[in-house]
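Here is upload.cif, consisting of mmCIF, C-alpha atoms:
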data_upload
loop_
_atom_site.group_PDB
_atom_site.id
_atom_site.type_symbol
_atom_site.label_atom_id
_atom_site.label_comp_id
_atom_site.auth_asym_id
_atom_site.auth_seq_id
_atom_site.Cartn_x
_atom_site.Cartn_y
_atom_site.Cartn_z
ATOM 1 C CA MET A 232 -146.490 12.309 -100.023
ATOM 2 C CA ASP A 233 -144.740 15.676 -100.090
ATOM 3 C CA LEU A 234 -144.822 17.529 -103.408
ATOM 4 C CA ASN A 235 -141.381 19.118 -103.231
ATOM 5 C CA THR A 236 -141.576 20.872 -106.609
ATOM 6 C CA ILE A 237 -144.433 23.159 -105.493
ATOM 7 C CA ILE A 238 -143.294 26.757 -105.079
ATOM 8 C CA GLU A 239 -146.697 28.451 -104.699
ATOM 9 C CA VAL A 240 -150.208 27.706 -103.445
ATOM 10 C CA ALA A 241 -152.935 30.101 -104.635
ATOM 11 C CA HIS A 242 -156.081 30.633 -102.528
ATOM 12 C CA PRO A 243 -158.742 32.307 -104.707
ATOM 13 C CA GLN A 244 -162.073 33.068 -103.051
ATOM 14 C CA THR A 245 -164.003 34.133 -106.170
ATOM 15 C CA ARG A 246 -163.888 33.218 -109.831
ATOM 16 C CA GLY A 247 -162.426 36.608 -110.604
ATOM 17 C CA GLN A 248 -159.466 35.831 -108.357
ATOM 18 C CA LEU A 249 -158.522 32.657 -110.205
ATOM 19 C CA PRO A 250 -154.954 33.017 -111.494
ATOM 20 C CA VAL A 251 -154.161 32.639 -115.168
ATOM 21 C CA TRP A 252 -153.601 28.934 -115.807
ATOM 22 C CA THR A 253 -150.042 28.029 -116.755
ATOM 23 C CA ALA A 254 -148.079 24.841 -117.300
ATOM 24 C CA GLY A 255 -147.280 23.285 -113.932
ATOM 25 C CA ASP A 256 -150.626 24.212 -112.337
ATOM 26 C CA ALA A 257 -153.065 21.809 -110.674
ATOM 27 C CA TRP A 258 -156.403 22.225 -108.925
ATOM 28 C CA LEU A 259 -156.415 21.139 -105.276
ATOM 29 C CA ALA A 260 -159.647 19.955 -103.643
ATOM 30 C CA GLY A 261 -159.396 16.739 -101.620
ATOM 31 C CA GLY A 262 -155.944 15.918 -102.957
ATOM 32 C CA THR A 263 -156.245 12.194 -102.201
ATOM 33 C CA TRP A 264 -154.796 11.259 -105.576
ATOM 34 C CA LEU A 265 -152.654 14.368 -106.022
ATOM 35 C CA PHE A 266 -150.625 13.578 -102.910
ATOM 36 C CA SER A 267 -150.543 9.828 -103.491
ATOM 37 C CA GLU A 268 -147.626 9.788 -105.952
ATOM 38 C CA PRO A 269 -144.885 12.089 -107.253
ATOM 39 C CA GLN A 270 -146.079 15.054 -109.358
ATOM 40 C CA VAL A 271 -142.712 16.374 -110.505
ATOM 41 C CA HIS A 272 -144.284 18.381 -113.336
ATOM 42 C CA LEU A 273 -146.243 20.612 -110.907
ATOM 43 C CA THR A 274 -145.066 23.940 -109.512
ATOM 44 C CA ARG A 275 -148.299 25.569 -108.306
ATOM 45 C CA LEU A 276 -151.475 24.355 -106.610
ATOM 46 C CA ILE A 277 -154.718 26.316 -106.848
ATOM 47 C CA ASP A 278 -156.641 25.527 -103.663
ATOM 48 C CA LEU A 279 -160.413 25.441 -104.173
ATOM 49 C CA THR A 280 -161.415 25.169 -100.518
ATOM 50 C CA ASP A 281 -161.521 28.941 -99.971
ATOM 51 C CA PHE A 282 -164.424 29.191 -102.418
ATOM 52 C CA ARG A 283 -166.519 27.648 -99.635
ATOM 53 C CA TRP A 284 -169.120 26.303 -102.034
ATOM 54 C CA PRO A 285 -172.083 24.699 -100.212
ATOM 55 C CA ALA A 286 -171.427 20.974 -100.453
ATOM 56 C CA LEU A 287 -175.055 20.066 -101.183
ATOM 57 C CA SER A 288 -178.068 22.200 -102.038
ATOM 58 C CA ILE A 289 -181.626 20.943 -102.505
ATOM 59 C CA GLY A 290 -183.780 23.202 -104.670
ATOM 60 C CA ASP A 291 -187.128 23.042 -106.412
ATOM 61 C CA THR A 292 -185.647 21.432 -109.519
ATOM 62 C CA GLY A 293 -182.994 19.160 -108.104
ATOM 63 C CA LEU A 294 -179.899 18.468 -106.041
ATOM 64 C CA THR A 295 -176.720 20.455 -106.609
ATOM 65 C CA ILE A 296 -173.475 18.745 -105.646
ATOM 66 C CA ALA A 297 -170.456 21.027 -105.426
ATOM 67 C CA ALA A 298 -167.321 19.624 -107.014
ATOM 68 C CA THR A 299 -165.660 20.033 -103.597
ATOM 69 C CA CYS A 300 -168.343 18.009 -101.776
ATOM 70 C CA THR A 301 -166.697 15.099 -99.993
ATOM 71 C CA VAL A 302 -167.878 11.521 -100.182
ATOM 72 C CA ALA A 303 -168.678 11.630 -96.466
ATOM 73 C CA GLN A 304 -170.856 14.728 -96.908
ATOM 74 C CA LEU A 305 -172.767 13.139 -99.772
ATOM 75 C CA ASP A 306 -173.271 9.901 -97.853
ATOM 76 C CA ALA A 307 -174.644 11.829 -94.860
ATOM 77 C CA LEU A 308 -177.284 13.648 -96.921
ATOM 78 C CA ALA A 309 -180.774 13.303 -95.452
ATOM 79 C CA CYS A 310 -182.884 12.702 -98.547
ATOM 80 C CA PRO A 311 -186.627 13.408 -98.777
ATOM 81 C CA PRO A 312 -188.719 10.212 -98.604
ATOM 82 C CA GLU A 313 -190.002 10.688 -102.151
ATOM 83 C CA TRP A 314 -186.460 10.298 -103.470
ATOM 84 C CA ILE A 315 -186.797 6.560 -103.884
ATOM 85 C CA ALA A 316 -183.533 6.442 -105.852
ATOM 86 C CA ALA A 317 -181.648 7.738 -102.787
ATOM 87 C CA PRO A 318 -180.284 4.269 -101.832
ATOM 88 C CA LEU A 319 -178.006 4.588 -104.865
ATOM 89 C CA ILE A 320 -176.052 7.243 -102.974
ATOM 90 C CA ASP A 321 -175.215 4.833 -100.167
ATOM 91 C CA GLN A 322 -174.496 1.985 -102.578
ATOM 92 C CA CYS A 323 -172.151 4.031 -104.741
ATOM 93 C CA CYS A 324 -170.333 5.566 -101.782
ATOM 94 C CA ARG A 325 -169.655 2.062 -100.498
ATOM 95 C CA ALA A 326 -168.392 0.967 -103.897
ATOM 96 C CA PHE A 327 -165.253 3.031 -103.224
ATOM 97 C CA LEU A 328 -162.024 1.186 -102.596
ATOM 98 C CA ALA A 329 -161.279 3.619 -99.771
ATOM 99 C CA SER A 330 -161.115 3.993 -95.999
ATOM 100 C CA PHE A 331 -163.250 6.339 -93.896
ATOM 101 C CA LYS A 332 -160.267 8.716 -93.848
ATOM 102 C CA ILE A 333 -160.426 9.022 -97.626
ATOM 103 C CA TRP A 334 -164.211 9.484 -97.451
ATOM 104 C CA LYS A 335 -163.721 12.637 -95.373
ATOM 105 C CA THR A 336 -161.285 14.146 -97.871
ATOM 106 C CA ALA A 337 -161.963 12.759 -101.364
ATOM 107 C CA THR A 338 -164.393 14.841 -103.396
ATOM 108 C CA VAL A 339 -167.177 13.997 -105.803
ATOM 109 C CA GLY A 340 -165.681 16.325 -108.387
ATOM 110 C CA GLY A 341 -162.271 14.770 -107.998
ATOM 111 C CA ASN A 342 -163.702 11.328 -108.658
ATOM 112 C CA LEU A 343 -165.323 12.554 -111.871
ATOM 113 C CA CYS A 344 -162.228 14.412 -113.047
ATOM 114 C CA MET A 345 -159.947 11.424 -112.419
ATOM 115 C CA ALA A 346 -162.228 9.574 -114.847
ATOM 116 C CA LEU A 347 -161.218 6.115 -113.658
ATOM 117 C CA PRO A 348 -163.575 3.464 -115.066
ATOM 118 C CA ALA A 349 -164.358 2.282 -111.531
ATOM 119 C CA GLY A 350 -165.206 5.772 -110.232
ATOM 120 C CA PRO A 351 -168.497 5.240 -108.343
ATOM 121 C CA MET A 352 -169.404 8.932 -108.322
ATOM 122 C CA ILE A 353 -169.304 8.772 -112.115
ATOM 123 C CA ALA A 354 -171.736 5.839 -112.015
ATOM 124 C CA LEU A 355 -174.049 7.581 -109.541
ATOM 125 C CA THR A 356 -174.257 10.947 -111.244
ATOM 126 C CA ALA A 357 -174.418 9.531 -114.767
ATOM 127 C CA ALA A 358 -177.266 7.188 -113.801
ATOM 128 C CA LEU A 359 -179.165 10.097 -112.240
ATOM 129 C CA ASP A 360 -178.901 12.258 -115.379
ATOM 130 C CA GLY A 361 -176.322 14.523 -113.778
ATOM 131 C CA ILE A 362 -175.276 17.698 -115.580
ATOM 132 C CA CYS A 363 -171.788 19.114 -115.042
ATOM 133 C CA THR A 364 -171.179 22.849 -114.939
ATOM 134 C CA ILE A 365 -167.686 23.696 -116.162
ATOM 135 C CA TRP A 366 -165.973 27.016 -115.652
ATOM 136 C CA LYS A 367 -163.993 27.412 -118.847
ATOM 137 C CA ALA A 368 -160.541 28.944 -118.775
ATOM 138 C CA ASP A 369 -161.736 31.721 -121.125
ATOM 139 C CA GLY A 370 -164.344 32.882 -118.585
ATOM 140 C CA SER A 371 -167.339 31.200 -120.195
ATOM 141 C CA GLU A 372 -169.440 28.368 -118.792
ATOM 142 C CA GLN A 373 -170.305 24.977 -120.253
ATOM 143 C CA LYS A 374 -172.895 22.386 -119.262
ATOM 144 C CA ILE A 375 -172.498 18.744 -120.233
ATOM 145 C CA GLY A 376 -173.976 15.453 -119.076
ATOM 146 C CA VAL A 377 -171.808 13.323 -116.801
ATOM 147 C CA ALA A 378 -172.065 10.443 -119.269
ATOM 148 C CA ASP A 379 -170.395 12.691 -121.860
ATOM 149 C CA PHE A 380 -167.965 14.360 -119.432
ATOM 150 C CA VAL A 381 -165.909 11.167 -119.086
ATOM 151 C CA ILE A 382 -164.578 10.107 -122.481
ATOM 152 C CA GLY A 383 -162.129 7.328 -121.592
ATOM 153 C CA ASN A 384 -159.856 5.787 -118.992
ATOM 154 C CA GLN A 385 -158.526 8.817 -117.051
ATOM 155 C CA ARG A 386 -159.768 11.114 -119.828
ATOM 156 C CA ASN A 387 -162.411 13.825 -119.612
ATOM 157 C CA VAL A 388 -163.507 16.828 -121.654
ATOM 158 C CA LEU A 389 -161.697 19.424 -119.530
ATOM 159 C CA ALA A 390 -159.163 21.561 -121.353
ATOM 160 C CA PRO A 391 -156.181 23.056 -119.467
ATOM 161 C CA GLY A 392 -157.500 25.633 -117.012
ATOM 162 C CA ASP A 393 -161.095 24.380 -117.104
ATOM 163 C CA LEU A 394 -162.677 23.743 -113.704
ATOM 164 C CA LEU A 395 -165.586 21.477 -112.758
ATOM 165 C CA ARG A 396 -167.842 23.636 -110.585
ATOM 166 C CA GLN A 397 -170.814 21.404 -109.752
ATOM 167 C CA ILE A 398 -173.087 18.551 -110.752
ATOM 168 C CA ASP A 399 -176.848 19.050 -110.869
ATOM 169 C CA ILE A 400 -179.196 16.099 -110.405
ATOM 170 C CA PRO A 401 -182.830 16.618 -111.519
ATOM 171 C CA ILE A 402 -185.595 15.844 -109.038
ATOM 172 C CA ALA A 403 -187.289 13.520 -111.543
ATOM 173 C CA ALA A 404 -184.229 11.231 -111.612
ATOM 174 C CA LEU A 405 -184.177 11.009 -107.810
ATOM 175 C CA LYS A 406 -187.810 9.844 -107.813
ATOM 176 C CA ARG A 407 -187.242 6.904 -110.165
ATOM 177 C CA ARG A 408 -187.278 3.257 -109.173
ATOM 178 C CA SER A 409 -183.735 1.942 -109.473
ATOM 179 C CA ALA A 410 -181.625 -1.192 -109.248
ATOM 180 C CA PHE A 411 -177.900 -1.472 -108.497
ATOM 181 C CA ARG A 412 -175.382 -4.193 -109.285
ATOM 182 C CA GLN A 413 -171.652 -4.234 -108.663
ATOM 183 C CA ILE A 414 -168.973 -6.909 -108.736
ATOM 184 C CA SER A 415 -165.258 -7.104 -107.962
ATOM 185 C CA LEU A 416 -162.701 -9.876 -108.212
ATOM 186 C CA THR A 417 -162.237 -9.712 -104.436
ATOM 187 C CA PRO A 418 -164.742 -8.917 -101.641
ATOM 188 C CA VAL A 419 -163.464 -5.367 -101.108
ATOM 189 C CA GLY A 420 -161.710 -4.875 -104.442
ATOM 190 C CA ARG A 421 -162.087 -2.195 -107.077
ATOM 191 C CA SER A 422 -165.299 -2.422 -109.086
ATOM 192 C CA ALA A 423 -164.936 -4.519 -112.224
ATOM 193 C CA ALA A 424 -168.510 -3.795 -113.288
ATOM 194 C CA LEU A 425 -171.029 -1.356 -111.811
ATOM 195 C CA LEU A 426 -174.455 -1.068 -113.413
ATOM 196 C CA ILE A 427 -177.469 1.033 -112.464
ATOM 197 C CA GLY A 428 -180.913 0.728 -113.990
ATOM 198 C CA SER A 429 -183.964 2.903 -113.464
ATOM 199 C CA VAL A 430 -187.547 3.178 -114.658
ATOM 200 C CA THR A 431 -189.529 6.374 -115.076
ATOM 201 C CA GLY A 432 -193.174 6.791 -114.177
ATOM 202 C CA ALA A 433 -194.013 6.350 -117.853
ATOM 203 C CA GLY A 434 -192.293 2.972 -117.870
ATOM 204 C CA ALA A 435 -189.167 3.859 -119.844
ATOM 205 C CA MET A 436 -185.977 2.138 -118.700
ATOM 206 C CA ALA A 437 -182.440 3.520 -118.592
ATOM 207 C CA LEU A 438 -179.318 1.439 -117.967
ATOM 208 C CA THR A 439 -175.929 2.920 -117.093
ATOM 209 C CA VAL A 440 -172.828 0.742 -117.459
ATOM 210 C CA THR A 441 -169.587 1.750 -115.735
ATOM 211 C CA ALA A 442 -166.396 0.170 -114.336
ATOM 212 C CA SER A 443 -166.398 -2.639 -116.902
ATOM 213 C CA THR A 444 -166.091 -0.080 -119.704
ATOM 214 C CA THR A 445 -163.507 2.650 -120.153
ATOM 215 C CA ARG A 446 -166.245 5.289 -120.178
ATOM 216 C CA PRO A 447 -169.897 5.357 -119.063
ATOM 217 C CA VAL A 448 -172.415 3.849 -121.472
ATOM 218 C CA ARG A 449 -176.092 4.829 -121.285
ATOM 219 C CA LEU A 450 -178.807 2.720 -122.901
ATOM 220 C CA SER A 451 -182.444 3.824 -123.071
ATOM 221 C CA PHE A 452 -185.574 1.814 -123.832
ATOM 222 C CA PRO A 453 -189.187 3.002 -124.207
ATOM 223 C CA ASP A 454 -190.209 0.272 -121.757
ATOM 224 C CA ILE A 455 -188.573 -2.586 -119.898
ATOM 225 C CA PRO A 456 -187.037 -4.692 -122.677
ATOM 226 C CA ALA A 457 -187.221 -8.429 -123.091
ATOM 227 C CA ALA A 458 -184.072 -10.320 -122.155
ATOM 228 C CA ARG A 459 -183.060 -10.858 -125.780
ATOM 229 C CA GLU A 460 -183.697 -7.235 -126.731
ATOM 230 C CA LEU A 461 -181.534 -6.023 -123.848
ATOM 231 C CA ARG A 462 -178.694 -8.384 -124.719
ATOM 232 C CA GLU A 463 -178.722 -7.431 -128.379
ATOM 233 C CA ALA A 464 -178.775 -3.723 -127.569
ATOM 234 C CA MET A 465 -175.781 -4.106 -125.263
ATOM 235 C CA LEU A 466 -173.811 -6.144 -127.776
ATOM 236 C CA HIS A 467 -174.484 -3.447 -130.351
ATOM 237 C CA ARG A 468 -173.733 -0.437 -128.129
ATOM 238 C CA ILE A 469 -170.705 -1.812 -126.283
ATOM 239 C CA PRO A 470 -167.999 -3.119 -128.651
ATOM 240 C CA ASP A 471 -165.398 -5.451 -127.211
ATOM 241 C CA ALA A 472 -162.735 -2.742 -127.481
ATOM 242 C CA LEU A 473 -164.641 -0.606 -124.969
ATOM 243 C CA TYR A 474 -164.261 -3.120 -122.126
ATOM 244 C CA HIS A 475 -161.535 -2.162 -119.679
ATOM 245 C CA HIS A 476 -158.471 -4.343 -119.133
ATOM 246 C CA ASP A 477 -156.383 -4.197 -115.975
ATOM 247 C CA VAL A 478 -155.447 -6.356 -112.994
ATOM 248 C CA HIS A 479 -158.990 -6.048 -111.636
ATOM 249 C CA GLY A 480 -160.531 -7.997 -114.499
ATOM 250 C CA LYS A 481 -160.016 -9.138 -118.064
ATOM 251 C CA PRO A 482 -162.287 -7.726 -120.789
ATOM 252 C CA ALA A 483 -163.976 -11.059 -121.588
ATOM 253 C CA TRP A 484 -164.938 -11.579 -117.941
ATOM 254 C CA ARG A 485 -166.066 -7.976 -117.548
ATOM 255 C CA LYS A 486 -168.259 -8.348 -120.640
ATOM 256 C CA HIS A 487 -169.787 -11.573 -119.343
ATOM 257 C CA MET A 488 -170.561 -10.051 -115.946
ATOM 258 C CA THR A 489 -171.917 -6.846 -117.504
ATOM 259 C CA LEU A 490 -174.403 -8.811 -119.602
ATOM 260 C CA ARG A 491 -175.354 -10.943 -116.609
ATOM 261 C CA LEU A 492 -175.810 -8.031 -114.196
ATOM 262 C CA ALA A 493 -177.860 -6.138 -116.778
ATOM 263 C CA GLN A 494 -180.295 -9.048 -116.948
ATOM 264 C CA GLU A 495 -180.543 -9.115 -113.160
ATOM 265 C CA ILE A 496 -181.390 -5.412 -113.177
ATOM 266 C CA ARG A 497 -183.975 -5.913 -115.924
ATOM 267 C CA ALA A 498 -185.633 -8.715 -113.972
ATOM 268 C CA GLU A 499 -185.649 -6.703 -110.728
ATOM 269 C CA LEU A 500 -187.183 -3.643 -112.332
ATOM 270 C CA GLN A 501 -189.712 -5.738 -114.226
ATOM 271 C CA GLY A 502 -190.704 -7.523 -111.029
ATOM 272 C CA ALA A 503 -191.123 -4.210 -109.223
ATOM 273 C CA ALA A 504 -193.384 -3.030 -112.032
ATOM 274 C CA LEU A 505 -195.766 -5.954 -111.671
ATOM 275 C CA PRO A 506 -198.965 -5.386 -109.639
#
Could you take the file, read its structure, and then write that structure out as structure tokens?
Amino acid sequence: MDLNTIIEVAHPQTRGQLPVWTAGDAWLAGGTWLFSEPQVHLTRLIDLTDFRWPALSIGDTGLTIAATCTVAQLDALACPPEWIAAPLIDQCCRAFLASFKIWKTATVGGNLCMALPAGPMIALTAALDGICTIWKADGSEQKIGVADFVIGNQRNVLAPGDLLRQIDIPIAALKRRSAFRQISLTPVGRSAALLIGSVTGAGAMALTVTASTTRPVRLSFPDIPAARELREAMLHRIPDALYHHDVHGKPAWRKHMTLRLAQEIRAELQGAALP
């Protein structure tokens, strides 16, 4: 869709060249949502592609995902064999309700910033202890966990002029045993519940709940919990008001499936832990 109210497109190549943020501005990365519907309040786009950030960088401490990294680039990453959580990348990429054309354009950062409950990049990076680096409009920098970056349905912590620069995934999270569960009302529909569980070498279990809730929910246990303990913890941590309600699933059904999928994850991880 043409955005016929745009009168300027800025092309900064460094942070110092970023224009002063004003009303009517919008960041442009993939643009798959930006150009999908009218944006009559916008007058200027700030194109991030000229920054030419490396899409993916593997270092000694972890994986850095640029906010402008596309879904296709992330899916094509050749992961080291010791990253036994790497299948989550493929699973989450395929949880998109999107064609291959969108894959080549839509960005990981855009998915996080849209903050849709069903955003699979939110699920992936939150489950892998991802840390967001935010360039603040005042020139400072902020780091915050992905699970805290998204605060509600289409709501995040970014203030006007703030920019998501990258997401860092620690090596330790990529080496954890994991389990993935996702369900939709239709075979290729938007995720109504997407849960990821993982177990550390010390036996502690983490469970990340997304899609069924309006924001990510992380639960941690010192070891793999019993079925009753897991259920009670989820009922306590996820109030009914937190379950999302739209055409892709009613809250009561989402809650039921979330509790069920969590038990499947618990059983899978417990079975993998047995000798």
Please determine the residues with any atom at most 10 Å from (-177.2, -8.1, -117.7) (coordinates as given in the file, with all atoms listed in the file counting) and report them as a list in words. Arg412, Leu426, Leu438, Val440, Ala458, Leu461, Arg462, Met465, Lys486, His487, Met488, Thr489, Leu490, Arg491, Leu492, Ala493, Gln494, Glu495, Ile496, Arg497 and Ala498 of chain A
Contacts of segment 359-376 of chain A within 8 Å, only C-alpha atoms, excl. fewer than 3 positions in-chain, as a list in words: Trp252, Leu355, Thr356, Asp379, Phe380, Ala390, Pro391, Gly392, Asp393, Leu394, Leu395, Arg396, Gln397, Ile398, Asp399, Ile400, Pro401, Ala404 and Leu405 of chain A
Store the residues of this selection in a file with C-alpha atoms, as a PDB file, keeping the file's coordinate frame.
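Below is the file again-v1.pdb, written as the result:
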ATOM      1  CA  TRP A 252    -153.601  28.934-115.807  1.00  0.00           C
ATOM      2  CA  LEU A 355    -174.049   7.581-109.541  1.00  0.00           C
ATOM      3  CA  THR A 356    -174.257  10.947-111.244  1.00  0.00           C
ATOM      4  CA  ASP A 379    -170.395  12.691-121.860  1.00  0.00           C
ATOM      5  CA  PHE A 380    -167.965  14.360-119.432  1.00  0.00           C
ATOM      6  CA  ALA A 390    -159.163  21.561-121.353  1.00  0.00           C
ATOM      7  CA  PRO A 391    -156.181  23.056-119.467  1.00  0.00           C
ATOM      8  CA  GLY A 392    -157.500  25.633-117.012  1.00  0.00           C
ATOM      9  CA  ASP A 393    -161.095  24.380-117.104  1.00  0.00           C
ATOM     10  CA  LEU A 394    -162.677  23.743-113.704  1.00  0.00           C
ATOM     11  CA  LEU A 395    -165.586  21.477-112.758  1.00  0.00           C
ATOM     12  CA  ARG A 396    -167.842  23.636-110.585  1.00  0.00           C
ATOM     13  CA  GLN A 397    -170.814  21.404-109.752  1.00  0.00           C
ATOM     14  CA  ILE A 398    -173.087  18.551-110.752  1.00  0.00           C
ATOM     15  CA  ASP A 399    -176.848  19.050-110.869  1.00  0.00           C
ATOM     16  CA  ILE A 400    -179.196  16.099-110.405  1.00  0.00           C
ATOM     17  CA  PRO A 401    -182.830  16.618-111.519  1.00  0.00           C
ATOM     18  CA  ALA A 404    -184.229  11.231-111.612  1.00  0.00           C
ATOM     19  CA  LEU A 405    -184.177  11.009-107.810  1.00  0.00           C
TER      20      LEU A 405
END
Got a sec to resolve the PyMOL selection byres ((chain A and resi 415) around 12) on this structure and send the residues as a PDB file with C-alpha atoms, in the frame of the given file?
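File written: part15.pdb
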ATOM      1  CA  ALA A 326    -168.392   0.967-103.897  1.00  0.00           C
ATOM      2  CA  PHE A 327    -165.253   3.031-103.224  1.00  0.00           C
ATOM      3  CA  LEU A 328    -162.024   1.186-102.596  1.00  0.00           C
ATOM      4  CA  ALA A 349    -164.358   2.282-111.531  1.00  0.00           C
ATOM      5  CA  ARG A 412    -175.382  -4.193-109.285  1.00  0.00           C
ATOM      6  CA  GLN A 413    -171.652  -4.234-108.663  1.00  0.00           C
ATOM      7  CA  ILE A 414    -168.973  -6.909-108.736  1.00  0.00           C
ATOM      8  CA  LEU A 416    -162.701  -9.876-108.212  1.00  0.00           C
ATOM      9  CA  THR A 417    -162.237  -9.712-104.436  1.00  0.00           C
ATOM     10  CA  PRO A 418    -164.742  -8.917-101.641  1.00  0.00           C
ATOM     11  CA  VAL A 419    -163.464  -5.367-101.108  1.00  0.00           C
ATOM     12  CA  GLY A 420    -161.710  -4.875-104.442  1.00  0.00           C
ATOM     13  CA  ARG A 421    -162.087  -2.195-107.077  1.00  0.00           C
ATOM     14  CA  SER A 422    -165.299  -2.422-109.086  1.00  0.00           C
ATOM     15  CA  ALA A 423    -164.936  -4.519-112.224  1.00  0.00           C
ATOM     16  CA  ALA A 424    -168.510  -3.795-113.288  1.00  0.00           C
ATOM     17  CA  LEU A 425    -171.029  -1.356-111.811  1.00  0.00           C
ATOM     18  CA  ALA A 442    -166.396   0.170-114.336  1.00  0.00           C
ATOM     19  CA  SER A 443    -166.398  -2.639-116.902  1.00  0.00           C
ATOM     20  CA  VAL A 478    -155.447  -6.356-112.994  1.00  0.00           C
ATOM     21  CA  HIS A 479    -158.990  -6.048-111.636  1.00  0.00           C
ATOM     22  CA  GLY A 480    -160.531  -7.997-114.499  1.00  0.00           C
ATOM     23  CA  LYS A 481    -160.016  -9.138-118.064  1.00  0.00           C
ATOM     24  CA  TRP A 484    -164.938 -11.579-117.941  1.00  0.00           C
ATOM     25  CA  ARG A 485    -166.066  -7.976-117.548  1.00  0.00           C
ATOM     26  CA  MET A 488    -170.561 -10.051-115.946  1.00  0.00           C
ATOM     27  CA  THR A 489    -171.917  -6.846-117.504  1.00  0.00           C
TER      28      THR A 489
END
On this structure, which residues satisfy the PyMOL selection byres ((chain A and resi 343) around 9), written as a ChimeraX atom specification? /A:298,338-342,344-347,350-353,377,380-381,387,395
Applying the PyMOL selection byres ((chain A and resi 451-454) around 9) to the file I just gave you, which residues come out? Please list them as a PyMOL selection string. chain A and resi 430+433-439+449-450+455-456+461
Go ahead and save the picked residues with C-alpha atoms, as a PDB file, in the coordinates of the input.
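What follows is the written file part25.pdb:
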ATOM      1  CA  VAL A 430    -187.547   3.178-114.658  1.00  0.00           C
ATOM      2  CA  ALA A 433    -194.013   6.350-117.853  1.00  0.00           C
ATOM      3  CA  GLY A 434    -192.293   2.972-117.870  1.00  0.00           C
ATOM      4  CA  ALA A 435    -189.167   3.859-119.844  1.00  0.00           C
ATOM      5  CA  MET A 436    -185.977   2.138-118.700  1.00  0.00           C
ATOM      6  CA  ALA A 437    -182.440   3.520-118.592  1.00  0.00           C
ATOM      7  CA  LEU A 438    -179.318   1.439-117.967  1.00  0.00           C
ATOM      8  CA  THR A 439    -175.929   2.920-117.093  1.00  0.00           C
ATOM      9  CA  ARG A 449    -176.092   4.829-121.285  1.00  0.00           C
ATOM     10  CA  LEU A 450    -178.807   2.720-122.901  1.00  0.00           C
ATOM     11  CA  ILE A 455    -188.573  -2.586-119.898  1.00  0.00           C
ATOM     12  CA  PRO A 456    -187.037  -4.692-122.677  1.00  0.00           C
ATOM     13  CA  LEU A 461    -181.534  -6.023-123.848  1.00  0.00           C
TER      14      LEU A 461
END
Find the residues near segment 255-257 of chain A: any atom within 10 Å, counting all atoms listed in the file, skip ones fewer than 3 places away on the same chain, and give them as a PyMOL selection string. chain A and resi 236-237+239-241+250-252+260+265+270-278+391-392
Within-12 Å shell of (-190.4, 14.7, -99.9) in input frame, all atoms listed in the file, as a ChimeraX atom specification: /A:289-291,293,309-315,317,402,405-406
Å distance separating atom CA of Gly428 of chain A from atom CA of Ser409 of chain A, one decimal place: 5.5 Å
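Atom pair atom CA of Thr336 of chain A / atom CA of Trp258 of chain A has a distance of 14.5 Å (rounded to one decimal).
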May I ask for the distance between atom CA of Arg468 of chain A and atom CA of Ile382 of chain A, given in Å to one decimal place? 15.1 Å
Contacts of Ser267 of chain A at 10 Å or less, counting only C-alpha atoms, minus same-chain residues fewer than 4 places along, as JSON, numbers by chain? {"A": [232, 233, 234, 262, 263]}
Box time for segment 298-306 of chain A: axis-aligned, enclosing all its listed atoms, 3 Å extra on each side; report centre and edge lengths in Å to one decimal, as JSON.
{"center_x": -169.5, "center_y": 15.0, "center_z": -101.7, "size_x": 13.6, "size_y": 16.1, "size_z": 16.5}
